[in-house]
>>> print(open('model-v5.csv').read())   # CSV, C-alpha atoms
chain,number,residue,atom,x,y,z
A,24,ARG,CA,144.3,109.8,92.6
A,25,VAL,CA,147.6,107.9,92.1
A,26,GLN,CA,151.1,109.3,91.9
A,27,VAL,CA,152.2,109.6,88.3
A,28,ALA,CA,155.7,110.5,87.3
A,29,SER,CA,156.4,112.8,84.5
A,30,CYS,CA,158.8,111.4,81.9
A,31,LYS,CA,162.4,112.8,82.2
A,32,LEU,CA,162.8,113.1,78.5
A,33,ARG,CA,161.9,116.6,77.2
A,34,ALA,CA,160.8,115.2,73.8
A,35,CYS,CA,158.2,112.9,75.4
A,36,ASN,CA,154.7,114.3,75.7
A,37,CYS,CA,153.4,112.1,78.6
A,38,SER,CA,153.5,114.4,81.6
A,39,GLN,CA,149.8,114.4,82.5
A,40,THR,CA,147.8,113.3,85.5
A,41,ARG,CA,146.0,110.0,85.2
A,42,PHE,CA,143.8,107.6,87.2
A,43,ALA,CA,144.2,103.9,87.2
A,44,ALA,CA,142.6,101.3,89.5
A,45,ALA,CA,145.5,99.0,89.0
A,46,ALA,CA,148.0,101.6,90.1
A,47,VAL,CA,146.6,101.9,93.7
A,48,LEU,CA,147.1,98.2,94.4
A,49,ALA,CA,150.7,98.8,95.2
A,50,PRO,CA,152.4,102.1,96.3
A,51,ARG,CA,154.7,102.7,93.4
A,52,THR,CA,155.3,105.3,90.7
A,53,TRP,CA,153.6,104.7,87.4
A,54,ASN,CA,155.2,106.0,84.2
A,55,PRO,CA,153.0,105.7,81.2
A,56,CYS,CA,155.8,105.8,78.7
A,57,LYS,CA,157.7,103.0,80.5
A,58,HIS,CA,160.9,105.2,81.0
A,59,VAL,CA,162.8,104.3,84.1
A,60,VAL,CA,162.3,106.7,86.9
A,61,SER,CA,163.3,106.7,90.5
A,62,SER,CA,161.0,105.1,93.1
A,63,PRO,CA,159.4,107.5,95.6
A,64,LYS,CA,160.3,107.7,99.2
A,65,ALA,CA,158.6,105.5,101.7
A,66,PRO,CA,155.1,107.0,102.3
A,67,GLN,CA,154.4,108.8,105.4
A,68,PRO,CA,151.7,107.6,107.8
A,69,TYR,CA,149.1,110.0,106.4
A,70,ARG,CA,149.9,109.1,102.8
A,71,SER,CA,149.7,105.4,103.8
A,72,LYS,CA,146.2,105.9,105.1
A,73,MET,CA,145.2,107.7,102.0
A,74,ALA,CA,146.6,105.0,99.9
A,75,MET,CA,144.6,102.4,101.8
A,76,ILE,CA,141.4,104.4,101.4
A,77,ALA,CA,142.1,104.7,97.7
A,78,ARG,CA,142.6,100.9,97.4
A,79,ARG,CA,139.3,100.2,99.1
A,80,LEU,CA,137.5,102.7,96.9
A,81,ALA,CA,139.0,101.2,93.8
A,82,LEU,CA,138.1,97.7,94.8
A,83,GLY,CA,134.5,98.7,95.6
A,84,ALA,CA,134.2,100.5,92.3
A,85,ALA,CA,135.5,97.4,90.5
A,86,ALA,CA,133.1,95.2,92.3
A,87,ALA,CA,130.2,97.5,91.6
A,88,THR,CA,131.2,97.7,87.9
A,89,SER,CA,131.4,93.9,87.7
A,90,LEU,CA,128.0,93.5,89.3
A,91,PHE,CA,126.4,96.0,87.0
A,92,ASN,CA,127.9,94.3,84.0
A,93,GLU,CA,126.5,90.9,85.1
A,94,ARG,CA,123.1,92.5,85.6
A,95,VAL,CA,123.1,94.0,82.2
A,96,GLN,CA,124.1,90.7,80.7
A,97,ALA,CA,121.4,88.9,82.6
A,98,LEU,CA,118.7,91.4,81.5
A,99,SER,CA,120.0,91.2,77.9
A,100,ALA,CA,119.7,87.4,78.0
A,101,ALA,CA,116.2,87.7,79.4
A,102,ALA,CA,115.2,90.2,76.8
A,103,LYS,CA,116.4,87.8,74.0
A,104,SER,CA,114.4,84.9,75.5
A,105,LYS,CA,111.1,86.8,76.0
A,106,ALA,CA,108.0,84.8,75.3
A,107,VAL,CA,105.8,85.9,72.4
A,108,PRO,CA,102.7,87.8,73.7
A,109,PRO,CA,99.4,86.1,72.9
A,110,VAL,CA,97.2,87.8,70.5
A,111,ALA,CA,93.4,87.3,70.7
A,112,PRO,CA,91.9,86.6,67.3
A,113,ARG,CA,89.4,89.1,65.9
A,114,ARG,CA,85.8,87.8,65.6
A,115,PRO,CA,83.7,90.8,64.4
A,116,LYS,CA,80.2,91.0,66.0
A,117,ASP,CA,77.6,93.7,65.4
A,118,ILE,CA,76.5,95.5,68.6
A,119,LEU,CA,73.4,97.7,68.8
A,120,PHE,CA,73.6,101.0,70.7
A,121,GLY,CA,70.1,102.4,71.4
A,122,LYS,CA,66.6,100.9,71.4
A,123,VAL,CA,66.5,97.1,71.3
A,124,ALA,CA,63.3,95.1,71.6
A,125,GLY,CA,63.0,93.2,74.9
A,126,GLU,CA,65.9,95.0,76.6
A,127,ASP,CA,66.0,97.9,79.1
A,128,ARG,CA,68.3,100.5,77.5
A,129,GLY,CA,67.4,103.3,79.8
A,130,PRO,CA,65.3,106.4,79.2
A,131,ASN,CA,65.1,107.8,75.7
A,132,PRO,CA,67.4,105.3,73.9
A,133,MET,CA,68.4,106.1,70.3
A,134,ASP,CA,65.8,105.0,67.8
A,135,PRO,CA,66.8,103.6,65.3
A,136,PRO,CA,69.9,102.1,67.1
A,137,ILE,CA,73.4,102.6,65.9
A,138,VAL,CA,75.4,99.5,64.9
A,139,ARG,CA,79.0,99.2,65.9
A,140,GLN,CA,81.4,96.3,65.3
A,141,ASP,CA,83.2,94.7,68.3
A,142,PRO,CA,85.9,92.2,67.2
A,143,TYR,CA,86.6,91.1,70.8
A,144,PHE,CA,83.0,90.6,72.0
A,145,TRP,CA,83.6,86.9,72.0
A,146,LEU,CA,86.0,87.3,75.0
A,147,ARG,CA,83.0,87.9,77.3
A,148,ASP,CA,81.7,84.8,79.0
A,149,ASP,CA,79.7,85.2,82.3
A,150,THR,CA,79.8,81.5,82.9
A,151,ARG,CA,83.6,81.4,83.0
A,152,LYS,CA,83.6,78.1,81.1
A,153,ASP,CA,84.4,78.9,77.5
A,154,LYS,CA,87.4,76.8,76.5
A,155,ASP,CA,88.8,79.3,74.0
A,156,ILE,CA,88.6,82.2,76.5
A,157,LEU,CA,90.2,80.1,79.3
A,158,ALA,CA,93.0,79.0,76.9
A,159,HIS,CA,93.7,82.7,76.0
A,160,LEU,CA,93.8,83.7,79.6
A,161,ASP,CA,96.2,80.9,80.4
A,162,ALA,CA,98.5,82.1,77.6
A,163,GLU,CA,98.4,85.6,78.9
A,164,ASN,CA,99.2,84.5,82.4
A,165,ALA,CA,102.1,82.4,81.1
A,166,TYR,CA,103.4,85.4,79.2
A,167,SER,CA,103.1,87.6,82.2
A,168,GLN,CA,105.0,85.1,84.3
A,169,ALA,CA,107.8,84.9,81.7
A,170,GLN,CA,108.1,88.6,81.4
A,171,THR,CA,108.4,89.1,85.2
A,172,ALA,CA,110.4,86.0,86.1
A,173,HIS,CA,113.4,88.2,87.0
A,174,LEU,CA,111.2,89.9,89.7
A,175,GLU,CA,110.5,86.6,91.5
A,176,GLN,CA,113.1,87.2,94.3
A,177,PHE,CA,111.9,90.8,94.7
A,178,ARG,CA,108.3,89.7,94.9
A,179,GLU,CA,109.1,87.2,97.6
A,180,SER,CA,111.2,89.7,99.6
A,181,LEU,CA,108.4,92.3,99.3
A,182,TYR,CA,105.8,89.8,100.4
A,183,GLN,CA,107.9,88.8,103.4
A,184,GLU,CA,108.4,92.5,104.3
A,185,MET,CA,104.6,93.2,104.3
A,186,LEU,CA,103.9,90.0,106.1
A,187,SER,CA,106.3,91.0,108.9
A,188,HIS,CA,104.0,93.9,109.7
A,189,VAL,CA,100.9,91.7,109.9
A,190,LYS,CA,99.7,90.0,113.1
A,191,GLU,CA,98.8,86.6,111.6
A,192,ASP,CA,97.5,85.0,114.8
A,193,ASP,CA,94.7,87.4,115.8
A,194,ASP,CA,91.1,87.4,117.2
A,195,THR,CA,88.4,90.0,116.6
A,196,VAL,CA,86.6,91.5,119.6
A,197,PRO,CA,83.8,89.2,120.8
A,198,TYR,CA,80.2,90.4,120.7
A,199,LYS,CA,77.2,89.0,122.5
A,200,ASP,CA,74.2,87.5,120.6
A,201,GLY,CA,71.7,85.6,122.7
A,202,ASP,CA,73.4,83.2,125.0
A,203,TYR,CA,76.8,83.2,123.3
A,204,MET,CA,79.8,85.3,122.6
A,205,TYR,CA,80.9,85.3,119.0
A,206,TRP,CA,84.2,86.2,117.3
A,207,SER,CA,86.5,85.2,114.5
A,208,ARG,CA,90.2,84.2,114.3
A,209,THR,CA,93.0,84.2,111.8
A,210,VAL,CA,95.7,81.6,112.3
A,211,LYS,CA,99.2,81.7,110.9
A,212,GLY,CA,99.6,79.3,108.0
A,213,LEU,CA,95.9,79.1,107.3
A,214,SER,CA,94.3,80.9,104.3
A,215,TYR,CA,90.9,81.6,105.8
A,216,ARG,CA,89.2,82.6,109.0
A,217,GLN,CA,87.7,80.5,111.7
A,218,TYR,CA,84.5,81.5,113.5
A,219,LEU,CA,84.2,80.7,117.2
A,220,ARG,CA,81.8,81.1,120.0
A,221,LYS,CA,81.4,80.3,123.7
A,222,ARG,CA,78.5,80.3,126.0
A,223,VAL,CA,78.3,83.4,128.2
A,224,GLY,CA,80.0,82.8,131.5
A,225,THR,CA,82.2,79.9,130.3
A,226,GLU,CA,85.6,79.6,128.7
A,227,ASP,CA,84.9,76.6,126.4
A,228,GLU,CA,85.3,78.0,123.0
A,229,VAL,CA,84.0,76.1,119.9
A,230,ILE,CA,84.9,76.5,116.3
A,231,TYR,CA,81.4,76.4,114.7
A,232,LEU,CA,82.6,77.4,111.1
A,233,ASP,CA,86.1,76.9,109.6
A,234,VAL,CA,86.3,78.6,106.2
A,235,ASN,CA,89.4,76.5,105.4
A,236,GLU,CA,87.2,73.4,105.5
A,237,VAL,CA,84.5,75.2,103.4
A,238,SER,CA,87.1,76.0,100.7
A,239,LYS,CA,87.8,72.3,100.3
A,240,THR,CA,84.3,71.7,99.1
A,241,LEU,CA,84.6,74.2,96.2
A,242,PRO,CA,85.9,73.5,92.7
A,243,ASN,CA,88.8,76.0,93.3
A,244,PRO,CA,89.9,76.0,97.0
A,245,LYS,CA,92.0,79.1,96.3
A,246,GLN,CA,88.8,81.1,95.5
A,247,CYS,CA,86.6,81.2,98.6
A,248,VAL,CA,84.8,84.2,100.1
A,249,VAL,CA,82.6,83.8,103.1
A,250,ASN,CA,80.7,86.7,104.6
A,251,GLN,CA,77.5,87.5,106.5
A,252,VAL,CA,77.9,84.6,109.0
A,253,GLU,CA,74.7,84.9,111.1
A,254,ALA,CA,73.5,82.6,113.9
A,255,SER,CA,69.8,81.9,114.3
A,256,PRO,CA,68.1,83.5,117.4
A,257,ASP,CA,68.6,80.5,119.6
A,258,GLY,CA,72.1,79.7,118.3
A,259,SER,CA,71.2,76.2,117.0
A,260,LYS,CA,71.9,77.1,113.4
A,261,ILE,CA,74.0,79.4,111.3
A,262,ALA,CA,73.6,80.8,107.8
A,263,TYR,CA,76.6,82.0,105.9
A,264,ALA,CA,77.1,83.2,102.3
A,265,VAL,CA,79.9,81.7,100.2
A,266,ASP,CA,81.3,82.7,96.8
A,267,GLY,CA,83.5,80.2,95.0
A,268,THR,CA,83.9,82.0,91.7
A,269,GLY,CA,84.9,85.6,92.4
A,270,TYR,CA,81.8,86.9,90.7
A,271,GLU,CA,80.3,88.1,94.0
A,272,THR,CA,77.2,86.0,93.6
A,273,TYR,CA,76.7,84.0,96.8
A,274,ASP,CA,75.1,80.7,97.9
A,275,ILE,CA,73.6,80.9,101.4
A,276,VAL,CA,74.2,77.7,103.4
A,277,VAL,CA,72.3,76.9,106.5
A,278,LYS,CA,74.2,74.6,108.9
A,279,TYR,CA,72.6,72.8,111.8
A,280,LEU,CA,75.3,73.0,114.5
A,281,ASP,CA,74.2,69.8,116.2
A,282,GLY,CA,74.4,67.9,113.0
A,283,SER,CA,70.7,66.8,113.3
A,284,LYS,CA,69.9,67.7,109.7
A,285,PRO,CA,71.9,68.1,106.4
A,286,ASP,CA,72.8,71.6,105.2
A,287,GLU,CA,70.4,73.6,103.1
A,288,THR,CA,71.5,75.9,100.3
A,289,ILE,CA,69.9,78.9,98.6
A,290,THR,CA,71.6,79.8,95.3
A,291,LYS,CA,72.3,83.0,93.4
A,292,THR,CA,71.9,85.6,96.1
A,293,MET,CA,73.8,88.8,97.1
A,294,GLY,CA,74.7,87.3,100.4
A,295,GLY,CA,72.5,89.2,102.9
A,296,VAL,CA,70.9,87.1,105.6
A,297,ALA,CA,68.4,88.2,108.2
A,298,TRP,CA,66.8,85.7,110.5
A,299,LYS,CA,63.2,86.3,111.6
A,300,ASP,CA,62.9,83.2,113.7
A,301,GLU,CA,64.2,79.6,113.9
A,302,LYS,CA,62.5,78.6,110.7
A,303,THR,CA,62.5,81.8,108.5
A,304,PHE,CA,65.0,84.1,107.1
A,305,TYR,CA,65.2,86.9,104.5
A,306,TYR,CA,67.8,87.3,101.7
A,307,VAL,CA,68.5,89.6,98.8
A,308,VAL,CA,68.7,88.7,95.1
A,309,GLU,CA,70.4,90.6,92.2
A,310,ASP,CA,69.3,91.4,88.7
A,311,LYS,CA,71.1,90.9,85.4
A,312,SER,CA,73.3,94.0,86.0
A,313,HIS,CA,74.4,92.6,89.4
A,314,ARG,CA,72.2,95.1,91.3
A,315,PRO,CA,70.6,93.9,94.5
A,316,TYR,CA,66.9,94.6,93.9
A,317,GLN,CA,64.7,91.9,95.5
A,318,VAL,CA,64.1,90.6,99.1
A,319,TRP,CA,62.8,87.0,99.5
A,320,ARG,CA,61.6,85.0,102.4
A,321,HIS,CA,62.7,81.4,102.9
A,322,VAL,CA,61.3,78.8,105.2
A,323,LEU,CA,63.6,76.0,106.2
A,324,GLY,CA,62.8,72.6,104.8
A,325,GLU,CA,61.1,74.1,101.7
A,326,ALA,CA,62.4,74.3,98.2
A,327,GLN,CA,63.8,77.6,97.0
A,328,ASP,CA,61.2,77.8,94.2
A,329,GLN,CA,58.6,78.1,97.0
A,330,ASP,CA,60.2,81.2,98.5
A,331,GLN,CA,58.0,84.4,98.7
A,332,LEU,CA,59.0,87.7,97.1
A,333,VAL,CA,58.7,90.4,99.8
A,334,TYR,CA,60.0,93.5,98.1
A,335,GLU,CA,61.2,94.5,94.7
A,336,GLU,CA,63.0,97.8,93.7
A,337,LEU,CA,62.5,98.6,90.0
A,338,ASP,CA,64.4,101.9,89.9
A,339,ASP,CA,67.9,101.1,88.6
A,340,LEU,CA,69.4,103.9,90.8
A,341,TYR,CA,68.6,102.1,94.0
A,342,ASN,CA,70.2,99.1,95.7
A,343,VAL,CA,68.4,96.9,98.3
A,344,ALA,CA,69.6,95.5,101.6
A,345,CYS,CA,68.0,93.8,104.6
A,346,TRP,CA,69.0,93.1,108.2
A,347,ARG,CA,67.6,92.2,111.6
A,348,SER,CA,67.3,94.7,114.4
A,349,LEU,CA,69.6,94.2,117.5
A,350,ASP,CA,66.7,93.0,119.6
A,351,GLY,CA,65.4,90.7,116.9
A,352,SER,CA,62.0,92.2,116.8
A,353,LEU,CA,62.2,93.8,113.3
A,354,ILE,CA,63.5,93.0,109.8
A,355,PHE,CA,64.6,96.2,108.1
A,356,ILE,CA,64.5,96.6,104.3
A,357,GLU,CA,66.4,99.5,102.8
A,358,ALA,CA,66.4,101.0,99.3
A,359,GLU,CA,69.3,103.3,98.8
A,360,SER,CA,70.6,105.5,96.1
A,361,LYS,CA,73.5,108.0,96.0
A,362,GLU,CA,71.2,110.8,97.2
A,363,THR,CA,68.4,109.4,99.3
A,364,THR,CA,67.3,106.4,101.3
A,365,GLU,CA,63.9,104.7,101.8
A,366,LEU,CA,63.3,102.4,104.8
A,367,ARG,CA,60.8,99.7,105.6
A,368,PHE,CA,60.4,97.2,108.4
A,369,ILE,CA,58.6,93.9,108.9
A,370,PRO,CA,57.4,93.3,112.5
A,371,GLN,CA,57.9,90.0,114.2
A,372,SER,CA,54.2,89.2,114.0
A,373,GLY,CA,53.8,90.3,110.4
A,374,THR,CA,54.9,89.4,106.8
A,375,GLU,CA,54.4,92.7,104.9
A,376,PRO,CA,56.9,95.6,104.9
A,377,VAL,CA,55.8,98.8,106.5
A,378,LEU,CA,57.1,102.1,105.0
A,379,VAL,CA,58.6,104.3,107.8
A,380,ARG,CA,60.8,106.6,105.8
A,381,LYS,CA,59.9,107.6,102.2
A,382,ARG,CA,62.6,108.5,99.7
A,383,GLU,CA,63.0,112.1,98.9
A,384,PRO,CA,62.9,113.4,95.3
A,385,ASP,CA,66.1,114.5,93.7
>>> encode(input="model-v5.csv", output="structure tokens")
Amino acid sequence: RVQVASCKLRACNCSQTRFAAAAVLAPRTWNPCKHVVSSPKAPQPYRSKMAMIARRLALGAAAATSLFNERVQALSAAAKSKAVPPVAPRRPKDILFGKVAGEDRGPNPMDPPIVRQDPYFWLRDDTRKDKDILAHLDAENAYSQAQTAHLEQFRESLYQEMLSHVKEDDDTVPYKDGDYMYWSRTVKGLSYRQYLRKRVGTEDEVIYLDVNEVSKTLPNPKQCVVNQVEASPDGSKIAYAVDGTGYETYDIVVKYLDGSKPDETITKTMGGVAWKDEKTFYYVVEDKSHRPYQVWRHVLGEAQDQDQLVYEELDDLYNVACWRSLDGSLIFIEAESKETTELRFIPQSGTEPVLVRKREPD
């Protein structure tokens, strides 16, 4: 609050309290009607301190107001220059709901089926190769980037804040498998994990799989998921599952660690790997709805079309998985629903699954 003098002329209607940022910049009396009035006495120490605080508050308010106005202008300019959102063209297609010959539509489908029109059915492409769809996605991404360009600095600061709480150089706890200790490592500056091992009783660690190198062999190095890294019983080979599309369909790659043979690849799997011995392993395959439903046996050196089907789950409510027991003597096959589980095993000396726990009825 600044000191305001009332006009000395009775006829002047200007004797009212006012606020003015400019008035606090110098200790003086402000007369709105510009009539000459006497200057106040020199301020006392307390009044000088209050004037100083008032000056600082006024300057801070002025700076904040200026910053706010600049922000409003920037947002207004950004709003005026917004990109035009892409609009997908309508391509009507008749879709049948109910019984369709040659398709599994579940129990008691509607018969006759109902026809509904979907103008955007063309946007579905499981191969991820349709040029029209990819062009539309590129346009949507460009529009999204344009709309959020003003958040770039905020995104970066948010990322750095989260990154500051992450231990980038880190190792998992080693575990023993056969004659080796196995673990994985993340390294600052690298996008993917490294898998390491050392022989029990030694300190000579070896990187036997670097996912950063695996990513370089894929069409898009930024999309690389590796899981289920499993060493063979004697540790001479590893099998790992890699997905380079993001569709969660994996290729299993068998790598000879001594480099004596080229890698072998099993395509279109769910990624589960269970070694039976040095020549044989089991893996899981999915159906059209992306449900794991079959277990196959593969022998190294043979083509994938010669693999043997070991188990198939026909009930859509169940998913299938397989794994090796800790002592390596059994291969377990599990069929699991939301309510019950069925378990089988294959002994080391056999090839056929043995039922050990039957599923319970709902």
>>> residues_around(input="model-v5.csv", residues="stretch 231-245 of chain A", least_positions_apart="4", cutoff="10 Å", atoms="only C-alpha atoms", output="list in words")
Tyr205, Ser207, Arg208, Leu213, Ser214, Tyr215, Arg216, Gln217, Tyr218, Leu219, Arg220, Lys221, Val249, Asn250, Val252, Lys260, Ile261, Tyr263, Val265, Asp266, Gly267, Thr268, Lys278, Tyr279, Leu280 and Asp281 of chain A
>>> write_last_selection(input="model-v5.csv", atoms="C-alpha atoms", output="mmCIF file, in the frame of the given file")
data_model
loop_
_atom_site.group_PDB
_atom_site.id
_atom_site.type_symbol
_atom_site.label_atom_id
_atom_site.label_comp_id
_atom_site.auth_asym_id
_atom_site.auth_seq_id
_atom_site.Cartn_x
_atom_site.Cartn_y
_atom_site.Cartn_z
ATOM 1 C CA TYR A 205 80.900 85.300 119.000
ATOM 2 C CA SER A 207 86.500 85.200 114.500
ATOM 3 C CA ARG A 208 90.200 84.200 114.300
ATOM 4 C CA LEU A 213 95.900 79.100 107.300
ATOM 5 C CA SER A 214 94.300 80.900 104.300
ATOM 6 C CA TYR A 215 90.900 81.600 105.800
ATOM 7 C CA ARG A 216 89.200 82.600 109.000
ATOM 8 C CA GLN A 217 87.700 80.500 111.700
ATOM 9 C CA TYR A 218 84.500 81.500 113.500
ATOM 10 C CA LEU A 219 84.200 80.700 117.200
ATOM 11 C CA ARG A 220 81.800 81.100 120.000
ATOM 12 C CA LYS A 221 81.400 80.300 123.700
ATOM 13 C CA VAL A 249 82.600 83.800 103.100
ATOM 14 C CA ASN A 250 80.700 86.700 104.600
ATOM 15 C CA VAL A 252 77.900 84.600 109.000
ATOM 16 C CA LYS A 260 71.900 77.100 113.400
ATOM 17 C CA ILE A 261 74.000 79.400 111.300
ATOM 18 C CA TYR A 263 76.600 82.000 105.900
ATOM 19 C CA VAL A 265 79.900 81.700 100.200
ATOM 20 C CA ASP A 266 81.300 82.700 96.800
ATOM 21 C CA GLY A 267 83.500 80.200 95.000
ATOM 22 C CA THR A 268 83.900 82.000 91.700
ATOM 23 C CA LYS A 278 74.200 74.600 108.900
ATOM 24 C CA TYR A 279 72.600 72.800 111.800
ATOM 25 C CA LEU A 280 75.300 73.000 114.500
ATOM 26 C CA ASP A 281 74.200 69.800 116.200
#
>>> residues_around(input="model-v5.csv", residues="stretch 307-324 of chain A", least_positions_apart="2", cutoff="7 Å", atoms="all atoms listed in the file", output="list in words")
Lys291, Thr292, Met293, Gly294, Gly295, Lys302, Thr303, Phe304, Tyr305, Ala326, Asp330, Gln331, Leu332, Val333, Tyr334, Glu335, Glu336, Asn342, Val343 and Ala344 of chain A
>>> residues_around(input="model-v5.csv", residues="stretch 152-159 of chain A", least_positions_apart="5", cutoff="10 Å", atoms="all atoms listed in the file", output="PyMOL selection string")
chain A and resi 109-112+145-147+164-165
>>> atom_distance(input="model-v5.csv", atom1="atom CA of A:Met204", atom2="atom CA of A:Ile230")
12.0 Å
>>> closest_residue(input="model-v5.csv", among="A:Leu186, A:Val196, A:Val210, A:Ala106", to="A:Ala172", atoms="only C-alpha atoms")
A:Ala106
>>> atom_distance(input="model-v5.csv", atom1="atom CA of A:Phe144", atom2="atom CA of A:Arg114")
7.5 Å
>>> atom_distance(input="model-v5.csv", atom1="atom CA of A:Tyr203", atom2="atom CA of A:Gly224")
8.8 Å
>>> closest_residue(input="model-v5.csv", among="A:Pro108, A:Gly129, A:Pro115, A:Gly121", to="A:Asp338", atoms="all atoms listed in the file")
A:Gly129
>>> closest_residue(input="model-v5.csv", among="A:Gln327, A:Thr363, A:Thr195, A:Thr225", to="A:Asp274", atoms="only C-alpha atoms")
A:Gln327
>>> decode(input="model-v5.csv", residues="stretch 356-373 of chain A", atoms="N, CA and C atoms", output="CSV table (one decimal), in the first residue's frame")
chain,number,residue,atom,x,y,z
A,356,ILE,N,4.4,-80.1,-18.1
A,356,ILE,CA,3.5,-79.4,-19.0
A,356,ILE,C,2.2,-79.1,-18.3
A,357,GLU,N,1.9,-77.8,-18.3
A,357,GLU,CA,0.8,-77.3,-17.5
A,357,GLU,C,-0.3,-76.7,-18.4
A,358,ALA,N,-1.6,-77.1,-18.1
A,358,ALA,CA,-2.7,-76.4,-18.7
A,358,ALA,C,-3.5,-75.7,-17.6
A,359,GLU,N,-3.6,-74.4,-17.8
A,359,GLU,CA,-4.1,-73.6,-16.7
A,359,GLU,C,-5.3,-72.7,-17.1
A,360,SER,N,-6.3,-72.6,-16.4
A,360,SER,CA,-7.4,-71.7,-16.6
A,360,SER,C,-7.4,-70.7,-15.4
A,361,LYS,N,-8.5,-69.9,-15.3
A,361,LYS,CA,-8.6,-69.0,-14.2
A,361,LYS,C,-9.0,-69.7,-12.9
A,362,GLU,N,-9.5,-70.9,-13.1
A,362,GLU,CA,-10.1,-71.6,-11.9
A,362,GLU,C,-9.4,-72.9,-11.5
A,363,THR,N,-8.7,-73.5,-12.5
A,363,THR,CA,-8.1,-74.8,-12.2
A,363,THR,C,-6.9,-75.1,-13.0
A,364,THR,N,-6.1,-76.0,-12.6
A,364,THR,CA,-4.8,-76.4,-13.3
A,364,THR,C,-4.7,-77.9,-13.5
A,365,GLU,N,-4.2,-78.2,-14.6
A,365,GLU,CA,-3.9,-79.6,-14.9
A,365,GLU,C,-2.4,-79.8,-15.2
A,366,LEU,N,-1.8,-80.8,-14.6
A,366,LEU,CA,-0.3,-81.0,-14.7
A,366,LEU,C,0.1,-82.3,-15.3
A,367,ARG,N,1.0,-82.3,-16.2
A,367,ARG,CA,1.6,-83.5,-16.7
A,367,ARG,C,3.2,-83.4,-16.6
A,368,PHE,N,3.8,-84.5,-16.7
A,368,PHE,CA,5.3,-84.5,-16.8
A,368,PHE,C,5.8,-85.6,-17.8
A,369,ILE,N,6.9,-85.3,-18.4
A,369,ILE,CA,7.6,-86.2,-19.3
A,369,ILE,C,8.9,-86.7,-18.6
A,370,PRO,N,9.1,-87.9,-18.3
A,370,PRO,CA,10.3,-88.4,-17.6
A,370,PRO,C,11.5,-88.3,-18.6
A,371,GLN,N,12.7,-88.3,-18.0
A,371,GLN,CA,13.9,-88.2,-18.8
A,371,GLN,C,14.0,-89.3,-19.8
A,372,SER,N,13.5,-90.5,-19.5
A,372,SER,CA,13.6,-91.7,-20.3
A,372,SER,C,12.4,-91.9,-21.3
A,373,GLY,N,11.4,-91.0,-21.2
A,373,GLY,CA,10.2,-91.2,-22.0
A,373,GLY,C,10.0,-90.0,-22.9
